[in-house]
$ cat data22.txt   # compact mmCIF, C-alpha atoms
# COMPACT_ATOMS: atom_id res chain seq x y z
CA MET A 10 31.25 -122.93 110.74
CA SER A 11 31.48 -122.94 114.52
CA ALA A 12 33.51 -120.45 116.55
CA HIS A 13 35.13 -122.00 119.61
CA ARG A 14 35.41 -119.77 122.66
CA THR A 15 37.76 -121.82 124.82
CA ASN A 16 40.86 -123.90 124.30
CA ALA A 17 39.01 -126.98 125.56
CA GLU A 18 36.22 -126.60 123.00
CA ALA A 19 38.67 -126.16 120.13
CA THR A 20 40.81 -129.10 121.25
CA ALA A 21 37.74 -131.36 121.50
CA ALA A 22 36.67 -130.40 117.98
CA ASP A 23 40.15 -131.14 116.66
CA ARG A 24 40.34 -134.52 118.36
CA ALA A 25 36.94 -135.56 116.98
CA HIS A 26 38.11 -135.80 113.37
CA VAL A 27 41.73 -134.68 112.82
CA PHE A 28 44.49 -137.28 112.51
CA HIS A 29 47.86 -135.72 113.40
CA SER A 30 51.28 -136.43 111.94
CA TRP A 31 54.18 -137.94 113.92
CA SER A 32 51.94 -138.54 116.95
CA ALA A 33 50.29 -141.25 118.99
CA GLN A 34 46.73 -140.01 118.70
CA GLY A 35 45.32 -141.05 122.08
CA ALA A 36 47.30 -138.72 124.34
CA LEU A 37 47.52 -135.80 121.94
CA ARG A 38 46.26 -132.41 123.19
CA PRO A 39 47.15 -129.82 120.55
CA LEU A 40 47.17 -126.17 121.59
CA PRO A 41 44.48 -124.21 119.71
CA VAL A 42 45.94 -121.11 118.07
CA ALA A 43 43.70 -118.09 117.52
CA GLY A 44 46.16 -115.80 115.77
CA GLY A 45 49.69 -114.50 115.43
CA ARG A 46 51.63 -111.40 114.52
CA GLY A 47 55.36 -110.99 114.08
CA SER A 48 57.26 -113.30 116.41
CA ARG A 49 54.27 -114.12 118.65
CA PHE A 50 51.11 -116.20 118.52
CA TRP A 51 48.27 -116.71 121.00
CA ASP A 52 45.56 -119.16 121.96
CA LEU A 53 41.81 -118.64 122.39
CA GLU A 54 42.18 -117.67 126.04
CA GLY A 55 44.73 -114.93 125.48
CA ASN A 56 47.89 -116.82 126.39
CA THR A 57 50.69 -115.48 124.21
CA TYR A 58 53.86 -117.31 123.14
CA LEU A 59 57.12 -116.01 121.75
CA ASP A 60 57.77 -118.24 118.74
CA PHE A 61 61.31 -119.64 118.96
CA SER A 62 60.41 -122.55 116.66
CA SER A 63 59.19 -120.47 113.70
CA GLN A 64 56.45 -123.13 113.69
CA PHE A 65 58.25 -125.86 111.68
CA VAL A 66 61.31 -123.68 111.03
CA ASN A 67 59.48 -122.08 108.12
CA LEU A 68 58.11 -118.81 109.45
CA ASN A 69 61.15 -116.75 108.46
CA ILE A 70 59.15 -113.56 107.89
CA GLY A 71 57.02 -113.98 111.03
CA HIS A 72 53.30 -114.39 111.58
CA ALA A 73 50.81 -112.52 109.37
CA HIS A 74 53.18 -110.09 107.69
CA PRO A 75 50.78 -107.57 106.10
CA LYS A 76 52.62 -107.35 102.78
CA VAL A 77 52.42 -111.10 102.22
CA VAL A 78 48.83 -111.33 103.41
CA GLU A 79 47.84 -108.55 101.02
CA ALA A 80 49.64 -110.24 98.11
CA ILE A 81 47.73 -113.48 98.71
CA GLN A 82 44.42 -111.62 98.93
CA ARG A 83 45.14 -109.73 95.71
CA GLN A 84 46.12 -112.88 93.84
CA ALA A 85 43.05 -114.78 95.11
CA ALA A 86 40.85 -112.09 93.59
CA THR A 87 42.75 -112.17 90.28
CA LEU A 88 43.75 -115.78 89.51
CA PRO A 89 43.42 -118.17 92.47
CA THR A 90 44.60 -121.24 90.52
CA ILE A 91 45.68 -122.37 87.08
CA ALA A 92 47.10 -125.62 85.69
CA PRO A 93 50.90 -125.80 85.58
CA HIS A 94 51.15 -126.05 81.78
CA PHE A 95 50.00 -122.42 81.54
CA ALA A 96 52.35 -119.53 82.19
CA ASN A 97 51.43 -117.10 84.94
CA ASP A 98 53.20 -113.97 86.04
CA GLN A 99 53.54 -114.89 89.71
CA ARG A 100 55.25 -118.20 88.94
CA SER A 101 57.64 -116.51 86.49
CA GLU A 102 58.52 -113.78 88.97
CA ALA A 103 58.89 -116.20 91.87
CA ALA A 104 61.25 -118.34 89.79
CA ARG A 105 63.29 -115.29 88.81
CA LEU A 106 63.62 -114.15 92.41
CA VAL A 107 64.58 -117.61 93.69
CA ALA A 108 67.18 -118.06 90.94
CA SER A 109 68.58 -114.56 91.51
CA HIS A 110 69.45 -115.47 95.11
CA ALA A 111 70.65 -119.03 94.42
CA PRO A 112 74.33 -119.80 93.80
CA ASP A 113 75.64 -118.70 90.39
CA GLY A 114 74.82 -121.06 87.55
CA LEU A 115 71.52 -122.29 89.01
CA THR A 116 68.92 -120.58 86.85
CA LYS A 117 65.86 -122.79 86.35
CA VAL A 118 63.23 -123.58 89.00
CA PHE A 119 60.87 -126.55 89.16
CA PHE A 120 58.12 -125.83 91.69
CA THR A 121 56.67 -128.40 94.09
CA ASN A 122 54.32 -128.24 97.07
CA GLY A 123 56.91 -128.76 99.80
CA GLY A 124 60.33 -129.99 100.85
CA ALA A 125 59.82 -133.75 100.59
CA GLU A 126 58.58 -133.44 97.00
CA SER A 127 61.52 -131.18 96.21
CA ASN A 128 63.97 -133.83 97.33
CA GLU A 129 62.04 -136.58 95.53
CA HIS A 130 62.30 -134.67 92.25
CA ALA A 131 65.92 -133.62 92.72
CA VAL A 132 66.89 -137.26 93.20
CA ARG A 133 64.82 -138.29 90.19
CA MET A 134 66.52 -135.63 88.07
CA ALA A 135 69.97 -136.79 89.18
CA ARG A 136 69.20 -140.43 88.40
CA VAL A 137 67.77 -139.63 84.98
CA VAL A 138 70.63 -137.31 84.01
CA THR A 139 73.44 -139.61 85.15
CA GLY A 140 71.81 -142.94 84.39
CA ARG A 141 73.05 -144.16 87.78
CA PRO A 142 70.91 -145.65 90.58
CA LYS A 143 72.54 -144.79 93.91
CA VAL A 144 72.23 -141.72 96.10
CA LEU A 145 74.42 -141.13 99.17
CA SER A 146 72.92 -139.38 102.20
CA ALA A 147 74.07 -138.77 105.77
CA TYR A 148 72.97 -140.66 108.87
CA ARG A 149 72.12 -137.47 110.73
CA SER A 150 69.69 -135.99 108.23
CA TYR A 151 66.06 -135.39 107.46
CA HIS A 152 64.80 -135.08 103.88
CA GLY A 153 61.02 -135.56 104.12
CA ALA A 154 58.28 -138.11 104.73
CA THR A 155 57.46 -139.32 101.21
CA HIS A 156 58.81 -142.70 100.10
CA THR A 157 62.21 -141.86 98.61
CA ALA A 158 62.78 -138.84 100.87
CA MET A 159 62.07 -140.90 103.98
CA HIS A 160 64.46 -143.65 102.92
CA LEU A 161 67.13 -141.01 102.33
CA THR A 162 66.52 -139.65 105.82
CA GLY A 163 69.07 -140.67 108.42
CA ASP A 164 67.24 -140.20 111.70
CA PRO A 165 65.01 -142.65 113.65
CA ARG A 166 61.79 -141.40 112.09
CA ARG A 167 62.78 -143.60 109.15
CA TRP A 168 62.80 -146.84 111.13
CA ALA A 169 59.05 -147.56 111.23
CA THR A 170 58.71 -147.56 107.44
CA ASP A 171 62.23 -148.52 106.37
CA THR A 172 62.16 -151.25 103.75
CA GLY A 173 65.79 -150.82 102.77
CA ALA A 174 65.06 -148.87 99.59
CA ALA A 175 67.36 -149.81 96.74
CA GLY A 176 69.89 -147.20 95.76
CA VAL A 177 70.28 -145.49 99.16
CA VAL A 178 73.71 -145.57 100.83
CA ARG A 179 74.48 -143.62 104.01
CA PHE A 180 77.63 -142.06 105.36
CA PHE A 181 78.72 -140.15 108.47
CA GLY A 182 78.94 -136.38 108.17
CA PRO A 183 81.12 -134.19 110.37
CA TYR A 184 79.98 -133.70 113.99
CA LEU A 185 82.98 -132.93 116.15
CA TYR A 186 81.12 -132.99 119.48
CA ARG A 187 80.20 -136.64 118.84
CA SER A 188 82.86 -137.49 116.29
CA ALA A 189 82.54 -140.83 114.52
CA PHE A 190 86.21 -140.42 113.55
CA HIS A 191 87.80 -139.87 116.99
CA ALA A 192 88.75 -136.36 115.92
CA THR A 193 89.78 -133.70 118.43
CA THR A 194 89.92 -130.62 116.17
CA GLU A 195 87.75 -129.14 113.42
CA GLN A 196 90.48 -129.83 110.87
CA GLU A 197 90.80 -133.47 111.91
CA GLU A 198 87.02 -133.87 111.73
CA CYS A 199 86.93 -132.33 108.28
CA ASP A 200 89.80 -134.40 106.89
CA ARG A 201 88.55 -137.69 108.36
CA ALA A 202 84.93 -137.12 107.32
CA LEU A 203 86.06 -136.45 103.74
CA ALA A 204 88.33 -139.51 103.77
CA HIS A 205 85.39 -141.58 105.01
CA LEU A 206 83.10 -140.28 102.24
CA GLU A 207 85.81 -140.91 99.65
CA GLN A 208 86.10 -144.51 100.86
CA VAL A 209 82.31 -145.02 100.73
CA ILE A 210 82.29 -143.75 97.16
CA ALA A 211 85.16 -146.07 96.21
CA LEU A 212 83.57 -149.11 97.84
CA GLU A 213 80.14 -148.46 96.32
CA GLY A 214 81.60 -147.84 92.87
CA PRO A 215 81.69 -144.23 91.64
CA GLY A 216 80.04 -145.22 88.36
CA THR A 217 76.93 -146.37 90.23
CA ILE A 218 76.37 -143.15 92.22
CA ALA A 219 74.06 -140.50 90.82
CA ALA A 220 74.26 -137.96 93.63
CA VAL A 221 75.35 -137.02 97.11
CA LEU A 222 72.42 -135.42 98.96
CA LEU A 223 73.12 -133.42 102.10
CA GLU A 224 71.96 -130.49 104.18
CA PRO A 225 74.77 -127.90 104.06
CA ILE A 226 73.95 -127.26 107.72
CA VAL A 227 72.15 -130.24 109.23
CA GLY A 228 68.84 -128.97 110.61
CA THR A 229 66.48 -131.05 112.74
CA ASN A 230 69.26 -133.45 113.67
CA GLY A 231 71.41 -130.95 115.46
CA VAL A 232 72.14 -127.68 113.60
CA LEU A 233 75.52 -129.12 112.67
CA VAL A 234 77.65 -126.42 111.06
CA PRO A 235 80.33 -128.19 108.99
CA PRO A 236 84.06 -127.43 109.23
CA ALA A 237 85.24 -124.80 106.78
CA GLY A 238 86.69 -127.19 104.19
CA TYR A 239 84.05 -129.90 104.27
CA LEU A 240 81.55 -128.75 101.62
CA PRO A 241 84.29 -127.69 99.18
CA GLY A 242 85.81 -131.13 99.72
CA VAL A 243 82.51 -132.88 98.96
CA ARG A 244 82.19 -130.75 95.82
CA GLU A 245 85.65 -131.86 94.68
CA LEU A 246 84.86 -135.55 95.30
CA CYS A 247 81.66 -135.26 93.27
CA ASP A 248 83.42 -133.48 90.40
CA ARG A 249 86.16 -136.09 90.35
CA HIS A 250 83.68 -138.92 89.85
CA GLY A 251 80.91 -137.29 87.80
CA ILE A 252 78.51 -137.38 90.75
CA LEU A 253 75.90 -134.65 91.13
CA LEU A 254 75.78 -132.69 94.39
CA ILE A 255 72.34 -131.91 95.83
CA PHE A 256 71.95 -129.40 98.66
CA ASP A 257 68.79 -129.77 100.72
CA GLU A 258 68.16 -126.15 101.75
CA VAL A 259 64.54 -126.71 102.70
CA MET A 260 65.24 -125.58 106.26
CA THR A 261 68.33 -123.41 105.78
CA GLY A 262 67.21 -121.35 102.80
CA PHE A 263 65.92 -117.77 102.67
CA GLY A 264 67.72 -116.10 105.52
CA ARG A 265 67.60 -118.73 108.24
CA THR A 266 71.41 -118.89 108.61
CA GLY A 267 72.03 -115.19 108.01
CA ALA A 268 72.54 -115.72 104.27
CA TRP A 269 70.04 -116.28 101.48
CA PHE A 270 71.22 -119.89 101.31
CA ALA A 271 73.56 -121.78 103.62
CA ALA A 272 75.75 -122.62 100.61
CA ASP A 273 76.70 -118.94 100.49
CA HIS A 274 78.76 -119.27 103.66
CA TRP A 275 81.25 -121.53 101.87
CA GLY A 276 80.83 -120.40 98.25
CA VAL A 277 80.00 -123.92 97.08
CA ARG A 278 77.67 -124.40 94.10
CA PRO A 279 75.59 -127.58 94.04
CA ASP A 280 74.15 -129.06 90.86
CA LEU A 281 70.65 -129.10 92.35
CA LEU A 282 69.30 -127.12 95.30
CA THR A 283 66.00 -127.90 97.00
CA PHE A 284 63.94 -125.36 98.92
CA ALA A 285 60.56 -124.85 100.61
CA LYS A 286 59.62 -123.47 104.07
CA GLY A 287 61.14 -119.96 104.16
CA VAL A 288 60.51 -119.20 100.46
CA ASN A 289 57.13 -117.81 101.51
CA SER A 290 57.18 -118.56 105.25
CA GLY A 291 54.68 -121.35 104.72
CA TYR A 292 51.76 -118.97 104.17
CA VAL A 293 50.75 -121.20 101.22
CA PRO A 294 52.55 -124.55 100.65
CA LEU A 295 55.42 -124.20 98.17
CA GLY A 296 58.75 -125.86 97.46
CA GLY A 297 61.02 -126.42 94.54
CA VAL A 298 64.28 -127.47 92.92
CA VAL A 299 66.75 -125.01 91.45
CA LEU A 300 68.62 -126.66 88.56
CA SER A 301 72.08 -125.89 87.25
CA ASP A 302 72.28 -124.97 83.60
CA ALA A 303 73.87 -128.33 82.79
CA VAL A 304 71.14 -130.36 84.50
CA ALA A 305 68.39 -128.25 82.95
CA ALA A 306 69.95 -128.65 79.49
CA ALA A 307 69.67 -132.43 79.81
CA PHE A 308 65.92 -132.03 79.41
CA ASP A 309 66.00 -129.71 76.41
CA GLU A 310 65.32 -132.53 73.98
CA ARG A 311 63.73 -135.14 76.23
CA PRO A 312 60.78 -134.67 78.57
CA TYR A 313 61.26 -134.61 82.30
CA PRO A 314 59.39 -137.65 83.70
CA GLY A 315 57.53 -135.92 86.51
CA GLY A 316 55.02 -133.25 87.39
CA LEU A 317 52.51 -131.97 89.91
CA THR A 318 48.97 -130.64 89.59
CA TYR A 319 49.83 -127.66 91.78
CA SER A 320 53.35 -126.93 90.51
CA GLY A 321 53.82 -123.17 90.66
CA HIS A 322 50.43 -122.51 92.24
CA PRO A 323 49.61 -118.79 91.80
CA LEU A 324 48.67 -118.16 95.44
CA ALA A 325 51.85 -119.82 96.70
CA CYS A 326 54.03 -118.03 94.17
CA ALA A 327 52.42 -114.66 94.94
CA ALA A 328 53.28 -115.27 98.59
CA ALA A 329 56.86 -116.12 97.59
CA VAL A 330 57.24 -112.96 95.52
CA ALA A 331 55.97 -110.83 98.40
CA THR A 332 58.11 -112.66 100.96
CA ILE A 333 61.40 -112.43 99.06
CA THR A 334 60.75 -108.82 98.07
CA THR A 335 59.87 -107.82 101.63
CA MET A 336 62.86 -109.64 103.09
CA ARG A 337 65.13 -107.69 100.75
CA GLU A 338 63.43 -104.34 101.37
CA GLU A 339 63.47 -104.75 105.15
CA GLY A 340 66.99 -106.24 105.38
CA MET A 341 65.81 -109.39 107.14
CA VAL A 342 68.69 -111.62 106.04
CA GLU A 343 71.23 -109.13 107.34
CA HIS A 344 69.19 -108.77 110.54
CA ALA A 345 69.23 -112.55 111.05
CA ALA A 346 73.01 -112.54 110.66
CA HIS A 347 73.27 -109.71 113.19
CA LEU A 348 71.07 -111.51 115.72
CA GLY A 349 73.16 -114.66 115.47
CA GLU A 350 76.55 -113.01 115.70
CA HIS A 351 75.88 -110.34 118.29
CA LEU A 352 72.97 -111.59 120.41
CA ILE A 353 72.07 -115.27 120.17
CA GLY A 354 75.56 -116.74 119.86
CA PRO A 355 77.15 -114.74 122.72
CA ARG A 356 74.15 -115.20 125.01
CA LEU A 357 73.96 -118.96 124.40
CA ALA A 358 77.67 -119.19 125.21
CA LYS A 359 76.97 -117.55 128.58
CA ILE A 360 74.01 -119.89 129.12
CA ALA A 361 76.29 -122.86 128.42
CA ASP A 362 78.78 -121.62 131.00
CA ALA A 363 76.02 -121.25 133.59
CA HIS A 364 74.29 -124.60 133.13
CA PRO A 365 76.08 -127.94 133.62
CA SER A 366 73.34 -129.61 131.53
CA VAL A 367 74.49 -127.77 128.41
CA GLY A 368 77.12 -129.74 126.53
CA GLU A 369 77.45 -127.54 123.48
CA VAL A 370 75.76 -124.68 121.63
CA ARG A 371 76.20 -124.12 117.90
CA GLY A 372 74.62 -122.32 114.98
CA LEU A 373 74.48 -119.35 112.62
CA GLY A 374 71.96 -116.58 112.06
CA VAL A 375 68.65 -117.55 113.67
CA PHE A 376 69.49 -121.26 113.51
CA TRP A 377 70.90 -122.61 116.81
CA ALA A 378 70.92 -125.75 118.92
CA VAL A 379 71.51 -126.25 122.64
CA GLU A 380 72.66 -129.82 123.23
CA LEU A 381 71.70 -131.12 126.68
CA VAL A 382 73.69 -133.78 128.53
CA SER A 383 73.52 -135.49 131.90
CA ASP A 384 77.31 -135.69 132.13
CA ARG A 385 79.63 -133.23 130.42
CA ALA A 386 82.62 -135.53 130.77
CA THR A 387 81.03 -138.49 128.97
CA ARG A 388 78.62 -136.34 126.89
CA GLU A 389 75.80 -138.71 127.75
CA MET A 390 72.56 -137.38 126.27
CA LEU A 391 70.00 -135.99 128.71
CA VAL A 392 67.43 -138.27 127.07
CA PRO A 393 68.25 -141.37 124.99
CA PHE A 394 68.91 -141.10 121.26
CA GLY A 395 65.70 -141.53 119.29
CA THR A 396 63.43 -140.22 122.05
CA ALA A 397 60.37 -138.89 120.23
CA GLY A 398 59.17 -135.38 120.93
CA ALA A 399 59.91 -133.51 124.14
CA GLN A 400 60.02 -136.19 126.82
CA GLY A 401 61.73 -136.75 130.15
CA ALA A 402 64.03 -133.99 131.32
CA VAL A 403 63.84 -132.20 127.96
CA GLY A 404 60.06 -132.30 128.21
CA GLU A 405 60.30 -130.61 131.61
CA VAL A 406 62.35 -127.78 130.10
CA VAL A 407 59.93 -127.34 127.21
CA ALA A 408 56.91 -127.33 129.53
CA GLU A 409 58.53 -124.65 131.68
CA CYS A 410 59.24 -122.58 128.57
CA HIS A 411 55.59 -122.86 127.59
CA ARG A 412 54.49 -121.86 131.08
CA ARG A 413 56.64 -118.74 130.85
CA GLY A 414 55.43 -117.85 127.34
CA LEU A 415 58.15 -119.27 125.06
CA TRP A 416 57.60 -121.88 122.33
CA PRO A 417 60.93 -123.56 121.50
CA PHE A 418 61.71 -126.45 119.14
CA ALA A 419 62.88 -129.70 120.74
CA HIS A 420 64.33 -132.83 119.15
CA PHE A 421 65.92 -135.70 121.10
CA ASN A 422 68.31 -134.12 123.65
CA ARG A 423 68.34 -130.67 122.09
CA ILE A 424 66.48 -127.39 122.39
CA HIS A 425 66.67 -125.41 119.16
CA VAL A 426 66.53 -121.61 119.07
CA LEU A 427 64.83 -120.68 115.79
CA PRO A 428 63.03 -117.32 115.90
CA PRO A 429 61.82 -115.58 112.71
CA CYS A 430 64.47 -113.63 110.80
CA ASN A 431 62.79 -110.32 111.70
CA THR A 432 62.49 -110.94 115.44
CA THR A 433 63.38 -107.84 117.45
CA GLU A 434 66.40 -107.70 119.70
CA ALA A 435 64.08 -107.21 122.68
CA ASP A 436 62.17 -110.40 121.83
CA VAL A 437 65.43 -112.35 121.46
CA HIS A 438 66.57 -111.21 124.89
CA GLU A 439 63.18 -112.10 126.40
CA GLY A 440 63.16 -115.55 124.87
CA LEU A 441 66.71 -116.34 125.94
CA ASP A 442 65.95 -115.13 129.47
CA ILE A 443 63.10 -117.64 129.62
CA LEU A 444 65.25 -120.45 128.22
CA ASP A 445 68.00 -119.61 130.71
CA ALA A 446 65.57 -119.94 133.60
CA ALA A 447 63.95 -123.11 132.25
CA LEU A 448 67.31 -124.87 131.95
CA ASP A 449 67.53 -124.94 135.74
CA LEU A 450 65.19 -127.94 135.46
CA ALA A 451 67.65 -129.75 133.16
CA ASP A 452 70.47 -129.09 135.62
CA ARG A 453 68.65 -131.21 138.23
CA HIS A 454 69.24 -134.26 136.04
CA VAL A 455 73.00 -133.83 135.74
CA THR A 456 74.75 -136.79 137.33
CA ARG A 457 78.11 -135.09 137.77
$ encode --input "data22.txt" --output "structure tokens"
Amino acid sequence: MSAHRTNAEATAADRAHVFHSWSAQGALRPLPVAGGRGSRFWDLEGNTYLDFSSQFVNLNIGHAHPKVVEAIQRQAATLPTIAPHFANDQRSEAARLVASHAPDGLTKVFFTNGGAESNEHAVRMARVVTGRPKVLSAYRSYHGATHTAMHLTGDPRRWATDTGAAGVVRFFGPYLYRSAFHATTEQEECDRALAHLEQVIALEGPGTIAAVLLEPIVGTNGVLVPPAGYLPGVRELCDRHGILLIFDEVMTGFGRTGAWFAADHWGVRPDLLTFAKGVNSGYVPLGGVVLSDAVAAAFDERPYPGGLTYSGHPLACAAAVATITTMREEGMVEHAAHLGEHLIGPRLAKIADAHPSVGEVRGLGVFWAVELVSDRATREMLVPFGTAGAQGAVGEVVAECHRRGLWPFAHFNRIHVLPPCNTTEADVHEGLDILDAALDLADRHVTR
């Protein structure tokens, strides 16, 4: 095994054989990462970055937390792997901990290897249990890159492989800043979005719909916090028509929004809840579906038609046990709520006032978006809808953040602020200072 001494050497080795996701390969120059600790990581040449992306919004407990690292090492020395039809203590304890933090009445956990598989299996469960073919999902959504999950996704990453999968029907969720319903208040947006969903259900035929799948707070596509009555309203529509409600909490789960799950903010219980990412901060791939008692009971006498070789992998589950336990012991969920309410939210509001390129800021906990526009009056996006990666004016802002030592998350015309749940107040202030300065570059592109 070779040890690369410079960024250039490591990048050349990567480009020789590695094929990267979501990228045109020819121009790709990935940053080599040598290590990380807490809310920071660094390259081979000593350049350090404050991680405001939490990598892929999964590093809720931060880089290289010693308690999780030690748990993985201990499990690797004891039982590094075992087939899923055997019981093992780490899987049992991980399932207990996940269920203990899920909404009441969700008590059984089916483990997968990540978020896309979780959504695939949740949809399969809903279709088998109801005997219905259709699933409704929102246009502004992301549910994963496997076949069914990608077709349920509502953003432009779907377009290249979209074959119009049977059984997928999309609807508009609430998004007051760019309202599809010409709403001017949160209440209007809520009422009209629910009326729209009710009409879609009626026109599609309630008896043909197995489930409504949605992110309780839309993640990659804007950190869209719904109006107060929206999720309870969706729950009522589903109950009225015998439709199962699936919450995709892959990104929002395990402290990201300042609660264990985003559903907790509105007290709404789904029938199925999917998770991944923050369950063990991605130290070892893990995801899953939490089933309500009623859905789980449907498979008491008939087999569930699905499985995975690595379902409940001991290393991944040991990491989950350590992560959830440590988050509780160190009060990380409460800390994330504090950061959002008292530091990130107020500071982003001041940043919005200071920069004409900022159209809106929104979020909860350590889950925020800064929406960039070229014209506040028309709300024209700073870069066109569907622009891949950080390009144009947004790319300039991201590059300046990198130059100053901040690694944000960018998607279309937005910069997302997504630090780990245990980021210190000092690091939050430092990161927001850098973002504030970098947004001067976006302001140059404002037309009026």
$ closest_residue --input "data22.txt" --among "A:Val227, A:Val138, A:Leu352, A:Ala189" --to "Asp442 of chain A" --atoms "all atoms listed in the file"
A:Leu352
$ closest_residue --input "data22.txt" --among "A:Pro312, A:Pro393, A:Gly267, A:Gly401" --to "Pro429 of chain A" --atoms "only C-alpha atoms"
A:Gly267
$ closest_residue --input "data22.txt" --among "A:Phe28, A:Phe120, A:Phe95, A:Tyr292" --to "Gly315 of chain A" --atoms "only C-alpha atoms"
A:Phe120
$ closest_residue --input "data22.txt" --among "A:Phe50, A:Phe119, A:Phe376, A:Phe181" --to "Ala271 of chain A" --atoms "all atoms listed in the file"
A:Phe376
$ closest_residue --input "data22.txt" --among "A:Gly214, A:Thr155, A:Ala192, A:Val299" --to "Val178 of chain A" --atoms "all atoms listed in the file"
A:Gly214
$ residues_around --input "data22.txt" --residues "segment 41-43 of chain A" --least-positions-apart "5" --cutoff "8 Å" --atoms "all atoms listed in the file" --output "number ranges by chain"
A: 16, 19-20, 50-53
$ closest_residue --input "data22.txt" --among "A:Met336, A:Arg83, A:Gly395, A:Leu59" --to "His438 of chain A" --atoms "only C-alpha atoms"
A:Leu59
$ atom_distance --input "data22.txt" --atom1 "atom CA of Pro355 of chain A" --atom2 "atom CA of Pro235 of chain A"
19.5 Å
$ residues_around --input "data22.txt" --residues "Ser63 of chain A" --least-positions-apart "5" --cutoff "8 Å" --atoms "only C-alpha atoms" --output "MDAnalysis selection string"
chainID A and resid 48 68:69 71 427:429
$ write_last_selection --input "data22.txt" --atoms "C-alpha atoms" --output "PDB file, keeping the file's coordinate frame"
ATOM      1  CA  SER A  48      57.260-113.300 116.410  1.00  0.00           C
ATOM      2  CA  LEU A  68      58.110-118.810 109.450  1.00  0.00           C
ATOM      3  CA  ASN A  69      61.150-116.750 108.460  1.00  0.00           C
ATOM      4  CA  GLY A  71      57.020-113.980 111.030  1.00  0.00           C
ATOM      5  CA  LEU A 427      64.830-120.680 115.790  1.00  0.00           C
ATOM      6  CA  PRO A 428      63.030-117.320 115.900  1.00  0.00           C
ATOM      7  CA  PRO A 429      61.820-115.580 112.710  1.00  0.00           C
TER       8      PRO A 429
END
$ residues_around --input "data22.txt" --residues "Pro314 of chain A" --least-positions-apart "4" --cutoff "9 Å" --atoms "all atoms listed in the file" --output "list in words"
Arg133, Met134 and Val137 of chain A
$ residues_around --input "data22.txt" --residues "Arg385 of chain A" --least-positions-apart "3" --cutoff "8 Å" --atoms "all atoms listed in the file" --output "MDAnalysis selection string"
chainID A and resid 365:368 382 388:389 457
$ write_last_selection --input "data22.txt" --atoms "C-alpha atoms" --output "PDB file, keeping the file's coordinate frame"
ATOM      1  CA  PRO A 365      76.080-127.940 133.620  1.00  0.00           C
ATOM      2  CA  SER A 366      73.340-129.610 131.530  1.00  0.00           C
ATOM      3  CA  VAL A 367      74.490-127.770 128.410  1.00  0.00           C
ATOM      4  CA  GLY A 368      77.120-129.740 126.530  1.00  0.00           C
ATOM      5  CA  VAL A 382      73.690-133.780 128.530  1.00  0.00           C
ATOM      6  CA  ARG A 388      78.620-136.340 126.890  1.00  0.00           C
ATOM      7  CA  GLU A 389      75.800-138.710 127.750  1.00  0.00           C
ATOM      8  CA  ARG A 457      78.110-135.090 137.770  1.00  0.00           C
TER       9      ARG A 457
END
$ atom_distance --input "data22.txt" --atom1 "atom CA of Thr139 of chain A" --atom2 "atom CA of Phe270 of chain A"
25.6 Å
$ build_atoms --input "data22.txt" --residues "segment 233-243 of chain A" --atoms "N, CA and C atoms" --output "mmCIF file, in the coordinates of the input"
data_model
loop_
_atom_site.group_PDB
_atom_site.id
_atom_site.type_symbol
_atom_site.label_atom_id
_atom_site.label_comp_id
_atom_site.auth_asym_id
_atom_site.auth_seq_id
_atom_site.Cartn_x
_atom_site.Cartn_y
_atom_site.Cartn_z
ATOM 1 N N LEU A 233 74.098 -128.762 112.748
ATOM 2 C CA LEU A 233 75.520 -129.120 112.670
ATOM 3 C C LEU A 233 76.187 -128.288 111.581
ATOM 4 N N VAL A 234 76.931 -127.280 112.006
ATOM 5 C CA VAL A 234 77.650 -126.420 111.060
ATOM 6 C C VAL A 234 78.934 -127.138 110.666
ATOM 7 N N PRO A 235 79.158 -127.390 109.379
ATOM 8 C CA PRO A 235 80.330 -128.190 108.990
ATOM 9 C C PRO A 235 81.621 -127.411 109.111
ATOM 10 N N PRO A 236 82.751 -128.106 109.263
ATOM 11 C CA PRO A 236 84.060 -127.430 109.230
ATOM 12 C C PRO A 236 84.244 -126.704 107.904
ATOM 13 N N ALA A 237 85.111 -125.715 107.919
ATOM 14 C CA ALA A 237 85.240 -124.800 106.780
ATOM 15 C C ALA A 237 85.511 -125.508 105.452
ATOM 16 N N GLY A 238 86.317 -126.562 105.454
ATOM 17 C CA GLY A 238 86.690 -127.190 104.190
ATOM 18 C C GLY A 238 85.813 -128.346 103.753
ATOM 19 N N TYR A 239 84.787 -128.667 104.552
ATOM 20 C CA TYR A 239 84.050 -129.900 104.270
ATOM 21 C C TYR A 239 83.239 -129.810 102.974
ATOM 22 N N LEU A 240 82.390 -128.826 102.826
ATOM 23 C CA LEU A 240 81.550 -128.750 101.620
ATOM 24 C C LEU A 240 82.381 -128.561 100.354
ATOM 25 N N PRO A 241 83.416 -127.716 100.363
ATOM 26 C CA PRO A 241 84.290 -127.690 99.180
ATOM 27 C C PRO A 241 84.912 -129.050 98.885
ATOM 28 N N GLY A 242 85.248 -129.802 99.929
ATOM 29 C CA GLY A 242 85.810 -131.130 99.720
ATOM 30 C C GLY A 242 84.817 -132.095 99.114
ATOM 31 N N VAL A 243 83.556 -132.033 99.543
ATOM 32 C CA VAL A 243 82.510 -132.880 98.960
ATOM 33 C C VAL A 243 82.307 -132.509 97.488
#
